[in-house]
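Asks: Got run00.tsv for you, TSV, C-alpha atoms:
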```tsv
chain	number	residue	atom	x	y	z
O	1	MET	CA	-92.47	-20.39	48.10
O	2	PRO	CA	-90.86	-18.42	45.24
O	3	GLN	CA	-87.47	-16.71	45.18
O	4	TYR	CA	-87.13	-14.07	47.90
O	5	LYS	CA	-86.39	-10.63	46.47
O	6	MET	CA	-85.67	-7.22	47.96
O	7	LYS	CA	-86.90	-3.89	46.65
O	8	ILE	CA	-85.03	-0.74	47.66
O	9	ASP	CA	-86.76	2.57	46.96
O	10	LEU	CA	-84.01	5.14	46.51
O	11	SER	CA	-86.53	7.99	46.57
O	12	LYS	CA	-87.23	7.09	50.22
O	13	CYS	CA	-83.63	6.39	51.31
O	14	VAL	CA	-82.05	9.22	53.33
O	15	GLY	CA	-78.60	7.65	53.62
O	16	CYS	CA	-78.80	7.39	57.43
O	17	GLY	CA	-77.06	4.00	57.64
O	18	THR	CA	-79.58	2.46	60.04
O	19	CYS	CA	-79.70	-0.63	57.81
O	20	ALA	CA	-75.98	-1.21	58.29
O	21	ILE	CA	-76.08	-0.61	62.04
O	22	SER	CA	-79.06	-2.92	62.58
O	23	CYS	CA	-77.40	-5.65	60.52
O	24	LYS	CA	-74.19	-5.42	62.53
O	25	LEU	CA	-76.04	-5.53	65.84
O	26	GLY	CA	-78.38	-8.29	64.75
O	27	ASN	CA	-75.79	-10.55	63.15
O	28	ASN	CA	-72.77	-9.77	65.37
O	29	THR	CA	-70.45	-9.17	62.45
O	30	PRO	CA	-66.83	-8.25	63.25
O	31	LYS	CA	-65.57	-4.74	62.64
O	32	ARG	CA	-63.89	-3.76	59.39
O	33	GLY	CA	-60.26	-4.87	59.02
O	34	SER	CA	-57.72	-6.88	56.99
O	35	GLY	CA	-59.24	-5.54	53.78
O	36	GLN	CA	-62.69	-6.89	54.69
O	37	THR	CA	-65.90	-5.01	55.47
O	38	PHE	CA	-67.85	-7.88	57.15
O	39	ASN	CA	-71.17	-6.00	57.27
O	40	ARG	CA	-73.84	-8.05	55.52
O	41	ALA	CA	-76.06	-5.06	54.78
O	42	ASP	CA	-74.50	-1.66	54.27
O	43	PHE	CA	-74.61	1.42	52.07
O	44	ILE	CA	-72.12	3.06	49.75
O	45	THR	CA	-71.88	6.76	48.92
O	46	GLU	CA	-70.58	8.99	46.18
O	47	THR	CA	-69.90	12.72	46.06
O	48	THR	CA	-69.68	14.42	42.68
O	49	GLY	CA	-69.30	17.96	41.39
O	50	SER	CA	-67.42	20.87	42.94
O	51	PHE	CA	-68.52	23.44	45.49
O	52	PRO	CA	-71.07	24.94	45.50
O	53	ASN	CA	-72.58	22.56	42.93
O	54	THR	CA	-72.05	19.25	44.65
O	55	LYS	CA	-74.17	16.13	44.85
O	56	TRP	CA	-74.08	13.35	47.43
O	57	THR	CA	-75.81	10.04	46.81
O	58	ALA	CA	-76.24	6.89	48.89
O	59	LEU	CA	-77.01	3.34	47.77
O	60	PRO	CA	-78.01	0.58	50.23
O	61	VAL	CA	-76.29	-2.72	49.39
O	62	ASN	CA	-76.24	-6.35	50.48
O	63	CYS	CA	-75.99	-9.80	48.89
O	64	ASN	CA	-78.13	-9.96	45.76
O	65	HIS	CA	-79.02	-13.66	46.21
O	66	CYS	CA	-78.63	-14.07	42.48
O	67	THR	CA	-80.68	-16.52	40.46
O	68	ASN	CA	-77.42	-17.83	38.98
O	69	PRO	CA	-74.88	-17.02	41.72
O	70	ALA	CA	-71.27	-16.92	40.56
O	71	CYS	CA	-70.11	-17.64	44.12
O	72	VAL	CA	-71.84	-21.03	44.11
O	73	ALA	CA	-70.52	-21.92	40.66
O	74	ALA	CA	-66.95	-21.08	41.74
O	75	CYS	CA	-67.02	-23.06	45.00
O	76	PRO	CA	-64.69	-26.07	44.47
O	77	VAL	CA	-66.11	-28.16	47.33
O	78	ALA	CA	-67.70	-31.35	46.01
O	79	PRO	CA	-71.51	-31.07	46.23
O	80	VAL	CA	-73.53	-33.56	48.24
O	81	ALA	CA	-77.00	-34.57	47.12
O	82	ASP	CA	-79.62	-32.24	48.56
O	83	THR	CA	-83.01	-31.84	46.89
O	84	THR	CA	-83.65	-28.57	48.74
O	85	CYS	CA	-80.83	-26.88	46.81
O	86	GLU	CA	-80.30	-25.83	43.22
O	87	PRO	CA	-78.90	-28.45	40.79
O	88	GLN	CA	-75.14	-28.91	40.56
O	89	PRO	CA	-73.01	-30.74	37.97
O	90	GLY	CA	-73.82	-34.43	38.31
O	91	LEU	CA	-76.67	-33.71	40.72
O	92	PRO	CA	-79.59	-32.45	38.62
O	93	SER	CA	-82.04	-32.98	41.47
O	94	GLY	CA	-80.08	-30.67	43.77
O	95	GLY	CA	-76.62	-30.40	45.33
O	96	ARG	CA	-75.05	-28.54	48.23
O	97	LYS	CA	-71.49	-27.17	48.26
O	98	ALA	CA	-69.88	-25.00	50.95
O	99	MET	CA	-71.58	-22.07	49.21
O	100	TYR	CA	-75.02	-23.12	48.03
O	101	LYS	CA	-78.38	-21.78	46.91
O	102	LEU	CA	-81.73	-23.06	48.13
O	103	ASN	CA	-84.10	-23.87	45.29
O	104	ALA	CA	-87.05	-21.58	44.53
O	105	ALA	CA	-89.44	-23.80	46.47
O	106	ASN	CA	-87.41	-22.97	49.60
O	107	GLY	CA	-86.88	-19.25	48.93
O	108	GLY	CA	-83.80	-19.25	46.70
O	109	ILE	CA	-81.54	-17.76	49.40
O	110	VAL	CA	-77.76	-18.21	49.01
O	111	LEU	CA	-76.29	-19.71	52.19
O	112	HIS	CA	-72.89	-20.91	53.41
O	113	ASP	CA	-71.83	-24.06	55.24
O	114	ASP	CA	-68.98	-23.06	57.56
O	115	SER	CA	-68.11	-26.68	58.32
O	116	ARG	CA	-67.38	-27.44	54.65
O	117	CYS	CA	-65.62	-24.17	53.75
O	118	ILE	CA	-61.93	-24.65	52.87
O	119	GLY	CA	-61.09	-20.94	52.91
O	120	CYS	CA	-60.02	-20.78	49.25
O	121	ARG	CA	-61.98	-17.53	48.68
O	122	LEU	CA	-62.82	-18.46	45.09
O	123	CYS	CA	-66.43	-17.47	45.81
O	124	GLN	CA	-65.29	-14.02	46.89
O	125	ARG	CA	-63.21	-13.55	43.75
O	126	ALA	CA	-65.98	-14.80	41.47
O	127	CYS	CA	-68.77	-12.64	42.92
O	128	PRO	CA	-69.22	-9.54	40.73
O	129	TYR	CA	-70.14	-7.57	43.86
O	130	SER	CA	-67.15	-8.59	46.00
O	131	THR	CA	-63.42	-8.00	46.24
O	132	ALA	CA	-60.62	-9.78	48.09
O	133	ASN	CA	-59.37	-6.49	49.56
O	134	VAL	CA	-61.54	-3.39	49.70
O	135	GLY	CA	-58.58	-1.18	50.55
O	136	ALA	CA	-56.49	-2.28	47.60
O	137	GLN	CA	-59.45	-1.95	45.23
O	138	ARG	CA	-60.64	1.38	46.71
O	139	ALA	CA	-64.05	-0.18	47.33
O	140	GLN	CA	-66.49	0.69	50.10
O	141	PHE	CA	-68.16	-2.68	50.50
O	142	SER	CA	-67.84	-6.34	49.56
O	143	VAL	CA	-70.77	-8.76	49.65
O	144	ILE	CA	-68.49	-11.63	50.72
O	145	SER	CA	-65.87	-11.12	53.44
O	146	TYR	CA	-63.18	-13.48	54.69
O	147	ASN	CA	-62.06	-14.21	58.24
O	148	PRO	CA	-58.26	-14.82	58.17
O	149	THR	CA	-57.14	-18.26	59.26
O	150	LEU	CA	-54.62	-17.06	61.84
O	151	SER	CA	-56.70	-14.47	63.64
O	152	GLU	CA	-59.76	-14.60	65.87
O	153	PRO	CA	-62.59	-12.61	64.20
O	154	TYR	CA	-63.57	-11.10	67.54
O	155	GLY	CA	-60.09	-10.87	69.02
O	156	TYR	CA	-60.32	-7.10	69.35
O	157	LEU	CA	-62.99	-7.61	71.99
O	158	THR	CA	-60.33	-8.72	74.50
O	159	SER	CA	-58.54	-5.35	74.27
O	160	SER	CA	-58.03	-3.47	77.52
O	161	GLN	CA	-57.23	-0.19	75.77
O	162	GLN	CA	-59.63	2.65	76.49
O	163	ALA	CA	-60.70	4.85	73.59
O	164	VAL	CA	-60.37	7.88	75.89
O	165	LEU	CA	-58.06	7.31	78.87
O	166	ASP	CA	-59.90	7.24	82.21
O	167	CYS	CA	-63.11	8.20	80.44
O	168	THR	CA	-64.47	5.38	78.30
O	169	ALA	CA	-64.53	1.66	79.01
O	170	SER	CA	-62.36	-0.75	77.06
O	171	GLU	CA	-63.82	-3.60	75.00
O	172	SER	CA	-62.93	-6.14	77.70
O	173	GLU	CA	-64.46	-3.99	80.47
O	174	VAL	CA	-67.74	-3.82	78.57
O	175	ARG	CA	-67.76	-7.57	78.10
O	176	ASP	CA	-66.95	-8.16	81.77
O	177	ALA	CA	-69.75	-5.84	82.82
O	178	VAL	CA	-72.31	-7.94	80.98
O	179	THR	CA	-70.65	-11.22	82.06
O	180	MET	CA	-69.85	-12.54	78.59
O	181	THR	CA	-68.11	-15.90	78.85
O	182	ASP	CA	-67.14	-16.31	75.19
O	183	ILE	CA	-65.39	-14.06	72.70
O	184	ALA	CA	-68.39	-12.30	71.23
O	185	PRO	CA	-69.79	-8.77	71.17
O	186	ALA	CA	-71.16	-7.62	74.50
O	187	TYR	CA	-74.43	-6.87	72.75
O	188	ARG	CA	-74.51	-10.35	71.22
O	189	ASN	CA	-77.88	-11.21	69.73
O	190	SER	CA	-77.34	-14.96	69.73
O	191	TRP	CA	-79.13	-17.09	67.14
O	192	THR	CA	-78.75	-20.44	65.44
O	193	TYR	CA	-81.08	-21.60	62.71
O	194	THR	CA	-81.37	-24.92	60.91
O	195	PRO	CA	-82.78	-24.47	57.38
O	196	VAL	CA	-84.34	-27.26	55.32
O	197	THR	CA	-80.86	-28.54	54.42
O	198	GLY	CA	-80.25	-29.54	58.04
O	199	VAL	CA	-77.04	-27.47	58.07
O	200	ASP	CA	-76.99	-24.85	60.83
O	201	VAL	CA	-76.30	-21.18	60.19
O	202	ASN	CA	-75.54	-18.93	63.16
O	203	ASP	CA	-74.53	-15.52	64.42
O	204	LEU	CA	-70.78	-15.98	64.88
O	205	ARG	CA	-67.94	-16.48	62.40
O	206	THR	CA	-64.85	-18.63	62.70
O	207	PRO	CA	-61.31	-18.22	61.30
O	208	GLY	CA	-60.71	-19.44	57.76
O	209	ASN	CA	-64.31	-19.00	56.60
O	210	VAL	CA	-66.08	-16.53	54.37
O	211	GLU	CA	-69.32	-14.86	55.41
O	212	LYS	CA	-72.21	-13.06	53.73
O	213	CYS	CA	-75.82	-11.92	54.06
O	214	TYR	CA	-78.44	-14.65	54.57
O	215	PHE	CA	-81.47	-12.35	54.18
O	216	CYS	CA	-81.85	-13.05	57.93
O	217	ILE	CA	-83.36	-16.45	57.13
O	218	HIS	CA	-83.66	-17.19	60.85
O	219	ARG	CA	-86.15	-14.32	61.13
O	220	LEU	CA	-88.09	-15.14	57.97
O	221	LYS	CA	-88.87	-18.62	59.27
O	222	ASP	CA	-89.55	-17.72	62.92
O	223	ALA	CA	-93.30	-18.14	63.46
O	224	THR	CA	-93.10	-16.23	66.76
O	225	LEU	CA	-92.20	-12.97	64.98
O	226	GLY	CA	-95.27	-12.42	62.84
O	227	ALA	CA	-98.43	-13.90	61.44
O	228	THR	CA	-97.19	-13.95	57.84
O	229	GLU	CA	-93.82	-14.04	56.11
O	230	ASN	CA	-93.69	-10.28	55.68
O	231	ALA	CA	-95.47	-9.00	58.80
O	232	GLY	CA	-94.22	-7.43	62.01
O	233	ASP	CA	-90.67	-8.43	62.84
O	234	ARG	CA	-90.57	-11.41	60.48
O	235	ARG	CA	-88.26	-9.60	58.11
O	236	PRO	CA	-84.49	-9.03	57.74
O	237	TYR	CA	-83.01	-6.62	60.28
O	238	CYS	CA	-82.21	-4.05	57.58
O	239	VAL	CA	-85.83	-4.02	56.35
O	240	MET	CA	-87.32	-3.86	59.81
O	241	ALA	CA	-85.01	-1.06	61.02
O	242	CYS	CA	-85.18	1.32	58.05
O	243	PRO	CA	-86.93	4.45	59.39
O	244	ALA	CA	-87.91	5.54	55.87
O	245	GLN	CA	-89.24	2.10	54.86
O	246	ALA	CA	-86.97	2.19	51.83
O	247	ARG	CA	-86.26	-1.56	51.96
O	248	GLU	CA	-88.98	-4.11	51.34
O	249	LEU	CA	-88.86	-7.91	51.22
O	250	ILE	CA	-90.77	-9.36	48.26
O	251	ILE	CA	-91.88	-12.96	48.67
O	252	ASP	CA	-94.60	-13.53	46.09
O	253	GLY	CA	-92.42	-13.48	42.98
O	254	SER	CA	-94.11	-10.36	41.63
O	255	ALA	CA	-92.40	-8.26	38.98
O	256	ILE	CA	-91.14	-4.90	40.28
O	257	SER	CA	-92.16	-2.04	38.01
O	258	GLY	CA	-89.41	0.34	36.94
O	259	ALA	CA	-86.74	-1.71	38.69
O	260	LYS	CA	-83.01	-1.58	38.15
O	261	VAL	CA	-80.25	-3.81	39.49
O	262	LEU	CA	-76.66	-3.25	40.47
O	263	ALA	CA	-74.28	-4.19	37.64
O	264	GLY	CA	-70.89	-5.50	38.70
O	265	LYS	CA	-67.90	-4.31	36.70
O	266	SER	CA	-64.78	-6.05	37.98
O	267	TYR	CA	-64.08	-4.84	41.52
O	268	THR	CA	-64.58	-1.18	40.75
O	269	TYR	CA	-68.38	-1.13	40.83
O	270	LEU	CA	-68.18	0.11	44.40
O	271	ARG	CA	-66.26	3.15	43.22
O	272	LYS	CA	-68.63	3.93	40.38
O	273	VAL	CA	-72.03	2.35	40.80
O	274	VAL	CA	-73.83	1.32	37.62
O	275	LEU	CA	-77.57	0.63	37.71
O	276	THR	CA	-79.04	-1.25	34.77
O	277	THR	CA	-82.42	-2.65	33.82
O	278	PRO	CA	-83.03	-6.28	34.89
O	279	THR	CA	-82.73	-7.48	31.29
O	280	THR	CA	-79.10	-6.36	30.98
O	281	THR	CA	-77.59	-7.94	34.06
O	282	GLY	CA	-75.80	-10.86	32.45
O	283	LYS	CA	-75.76	-14.36	33.83
O	284	SER	CA	-75.94	-13.66	37.59
O	285	ARG	CA	-79.48	-12.20	37.57
O	286	PRO	CA	-79.50	-10.38	40.95
O	287	ASN	CA	-82.65	-10.42	43.08
O	288	VAL	CA	-82.18	-7.04	44.79
O	289	PHE	CA	-83.98	-4.36	42.79
O	290	TYR	CA	-83.82	-0.57	42.98
O	291	VAL	CA	-86.63	1.84	42.14
O	292	GLY	CA	-86.76	5.62	42.24
O	293	LYS	CA	-83.84	8.00	42.48
O	294	PHE	CA	-81.83	9.21	45.46
O	295	SER	CA	-81.81	12.99	45.84
O	296	ASN	CA	-80.14	15.48	48.15
O	297	ARG	CA	-82.40	16.64	50.95
```
If you convert what's in this file into structure tokens, what do you get?

Replies:
Amino acid sequence: MPQYKMKIDLSKCVGCGTCAISCKLGNNTPKRGSGQTFNRADFITETTGSFPNTKWTALPVNCNHCTNPACVAACPVAPVADTTCEPQPGLPSGGRKAMYKLNAANGGIVLHDDSRCIGCRLCQRACPYSTANVGAQRAQFSVISYNPTLSEPYGYLTSSQQAVLDCTASESEVRDAVTMTDIAPAYRNSWTYTPVTGVDVNDLRTPGNVEKCYFCIHRLKDATLGATENAGDRRPYCVMACPAQARELIIDGSAISGAKVLAGKSYTYLRKVVLTTPTTTGKSRPNVFYVGKFSNR
């Protein structure tokens, strides 16, 4: 199996945000806070011009699952031998750190081992599409987010405060109503998946770890969801949910005509998005490609 890629057709995107909502519901990501966005798939927007000549644009974003991921290179955790992963220094046949990339034969997806993560956040700082604090950097999204060591990622779900007094239910009331026994969203879509590495990935985060998009690997490999790798529901949540079919998972390694990629420029790329041709993307070589042009509707 070649490197998984994603094509996003901006001429189809309407900026509705369904991709972000479906990702949050499907992967149970915490809500934004502490300078982190947490959503694994999202969209960023920009408004330019002055009334009445204004323009609003939207750009769907998620982890680019780069061919040469800077996050993996920066991870200081000593790699263990694993032939299902990309080579690491001293392990030319394959090595697995806390942040690691499956080799092309296994889809090339960048994954994370929570049990080996030391919470140093070097991966987050190295990623050209991430920032340690979206508020401080005036960014809208960060590919990699961090769950603080001293706080429970889902702690807000125990709140008894009602959004509207005597009108709406509190977070804890909702959880009680659906008899949740653990600290998790009341809508929790529980999943655990064991990839070829033998290291589980799952739906919930723990303090002191980073998190990111996995291209919904648990869905890609679930034979009950479709007859082929890209049929029916056997796709990432963001692809499956897009009402305009702007997102598409590419699994055959085909070149994407007229494609551009997101170019990271320090932490400010989220303030001013730069799209470049695939040949000018530097060493990371992202595998999320954009075609077409977003237009006001």

Asks: Per residue of segment 8-95 of chain O within 9 Å of segment 140-144 of chain O, note the shortest atom pair and the distance in Å to one decimal, counting all atoms listed in the file, and order the rows by chain and increasing residue number, as a Markdown table.

Replies:
```
| residue | atom | partner | partner_atom | distance |
| --- | --- | --- | --- | --- |
| O:Gln36 | CA | O:Ser142 | CA | 7.3 |
| O:Thr37 | CA | O:Phe141 | CA | 5.9 |
| O:Phe38 | CA | O:Ile144 | CA | 7.5 |
| O:Asn39 | CA | O:Val143 | CA | 8.1 |
| O:Arg40 | CA | O:Val143 | CA | 6.7 |
| O:Ala41 | CA | O:Val143 | CA | 8.2 |
| O:Asp42 | CA | O:Phe141 | CA | 7.4 |
| O:Phe43 | CA | O:Phe141 | CA | 7.8 |
| O:Ile44 | CA | O:Gln140 | CA | 6.1 |
| O:Thr45 | CA | O:Gln140 | CA | 8.2 |
| O:Val61 | CA | O:Val143 | CA | 8.2 |
| O:Asn62 | CA | O:Val143 | CA | 6.0 |
| O:Cys63 | CA | O:Val143 | CA | 5.4 |
| O:Asn64 | CA | O:Val143 | CA | 8.4 |
```

Asks: For a test of reading the model, state the distance in Å between atom CA of Arg205 of chain O and atom CA of Gly33 of chain O, rounded to one decimal.

Replies: 14.3 Å

Asks: Report, in Å with one decimal, the straight-line distance from atom CA of Pro30 of chain O to atom CA of Gln245 of chain O.

Replies: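 Straight-line distance from atom CA of Pro30 of chain O to atom CA of Gln245 of chain O works out to 26.1 Å.
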
Asks: May I ask which of the residues O:Pro148, O:Pro195, O:Pro207, O:Gly26 is the closest one to Asn106 of chain O, counting all atoms listed in the file?

Replies: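 The closest residue to Asn106 of chain O is O:Pro195.
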
Asks: Please report the interatomic distance between atom CA of Pro76 of chain O and atom CA of Gly198 of chain O in Å with one decimal.

Replies: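 Separating atom CA of Pro76 of chain O from atom CA of Gly198 of chain O is a distance of 20.9 Å.
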
Asks: Find the residues near Val199 of chain O: any atom within 9 Å, counting all atoms listed in the file, skip ones fewer than 3 places away on the same chain, and give them as number ranges by chain.

Replies: O: 113, 115, 193-196

Asks: Pull C-alpha atoms from the residues just selected and write them as an mmCIF file, in the coordinates of the input.

Replies:
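Just written: again37.cif:
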```
data_model
loop_
_atom_site.group_PDB
_atom_site.id
_atom_site.type_symbol
_atom_site.label_atom_id
_atom_site.label_comp_id
_atom_site.auth_asym_id
_atom_site.auth_seq_id
_atom_site.Cartn_x
_atom_site.Cartn_y
_atom_site.Cartn_z
ATOM 1 C CA ASP O 113 -71.830 -24.060 55.240
ATOM 2 C CA SER O 115 -68.110 -26.680 58.320
ATOM 3 C CA TYR O 193 -81.080 -21.600 62.710
ATOM 4 C CA THR O 194 -81.370 -24.920 60.910
ATOM 5 C CA PRO O 195 -82.780 -24.470 57.380
ATOM 6 C CA VAL O 196 -84.340 -27.260 55.320
#
```

Asks: For a quick check of understanding, using all atoms listed in the file, which of O:Arg285, O:Tyr214, O:Tyr100, O:Ala246 has the smallest distance to Ala78 of chain O?

Replies: O:Tyr100

Asks: Tell me which residues come within 12 Å of (-86.5, 5.0, 54.2), as a PyMOL selection string, counting all atoms listed in the file in the file's coordinates.

Replies: chain O and resi 7-19+58-60+238-248+292+294

Asks: Do a neighbour search on Asn202 of chain O at 8 Å with only C-alpha atoms, toss out local chain neighbours closer than 5 positions, and write the hits as a list of chain:residue names.

Replies: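 Final neighbour list, sorted by chain and number: O:Ser190, O:Trp191, O:Thr192, O:Tyr193.
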
Asks: Mind writing the picked residues with C-alpha atoms as a PDB file, in the frame of the given file?

Replies:
```pdb
ATOM      1  CA  SER O 190     -77.340 -14.960  69.730  1.00  0.00           C
ATOM      2  CA  TRP O 191     -79.130 -17.090  67.140  1.00  0.00           C
ATOM      3  CA  THR O 192     -78.750 -20.440  65.440  1.00  0.00           C
ATOM      4  CA  TYR O 193     -81.080 -21.600  62.710  1.00  0.00           C
TER       5      TYR O 193
END
```

Asks: Applying 7 Å and only C-alpha atoms, which residues near Gly95 of chain O remain after dropping the ones on its own chain fewer than 6 positions away? List them as a ChimeraX atom specification.

Replies: /O:79-83,85-88

Asks: Could you check which of O:Ile118, O:Ile251, O:Cys75, O:Cys66 is closest to Pro2 of chain O, using only C-alpha atoms?

Replies: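 Between O:Ile118, O:Ile251, O:Cys75, O:Cys66, the residue approaching Pro2 of chain O most closely is O:Ile251.
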
Asks: Return the single residue from O:Cys117, O:Leu262, O:Ala104, O:Val291 that is closest to Tyr129 of chain O, with distances computed using all atoms listed in the file.

Replies: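 Checking each of O:Cys117, O:Leu262, O:Ala104, O:Val291 against Tyr129 of chain O, counting all atoms listed in the file, the winner is O:Leu262.
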
Asks: What's around Ser160 of chain O at 8 Å? Count all atoms listed in the file, leave out sequence neighbours fewer than 5 positions away in its own chain, and write the answer as a PyMOL selection string.

Replies: chain O and resi 170-173
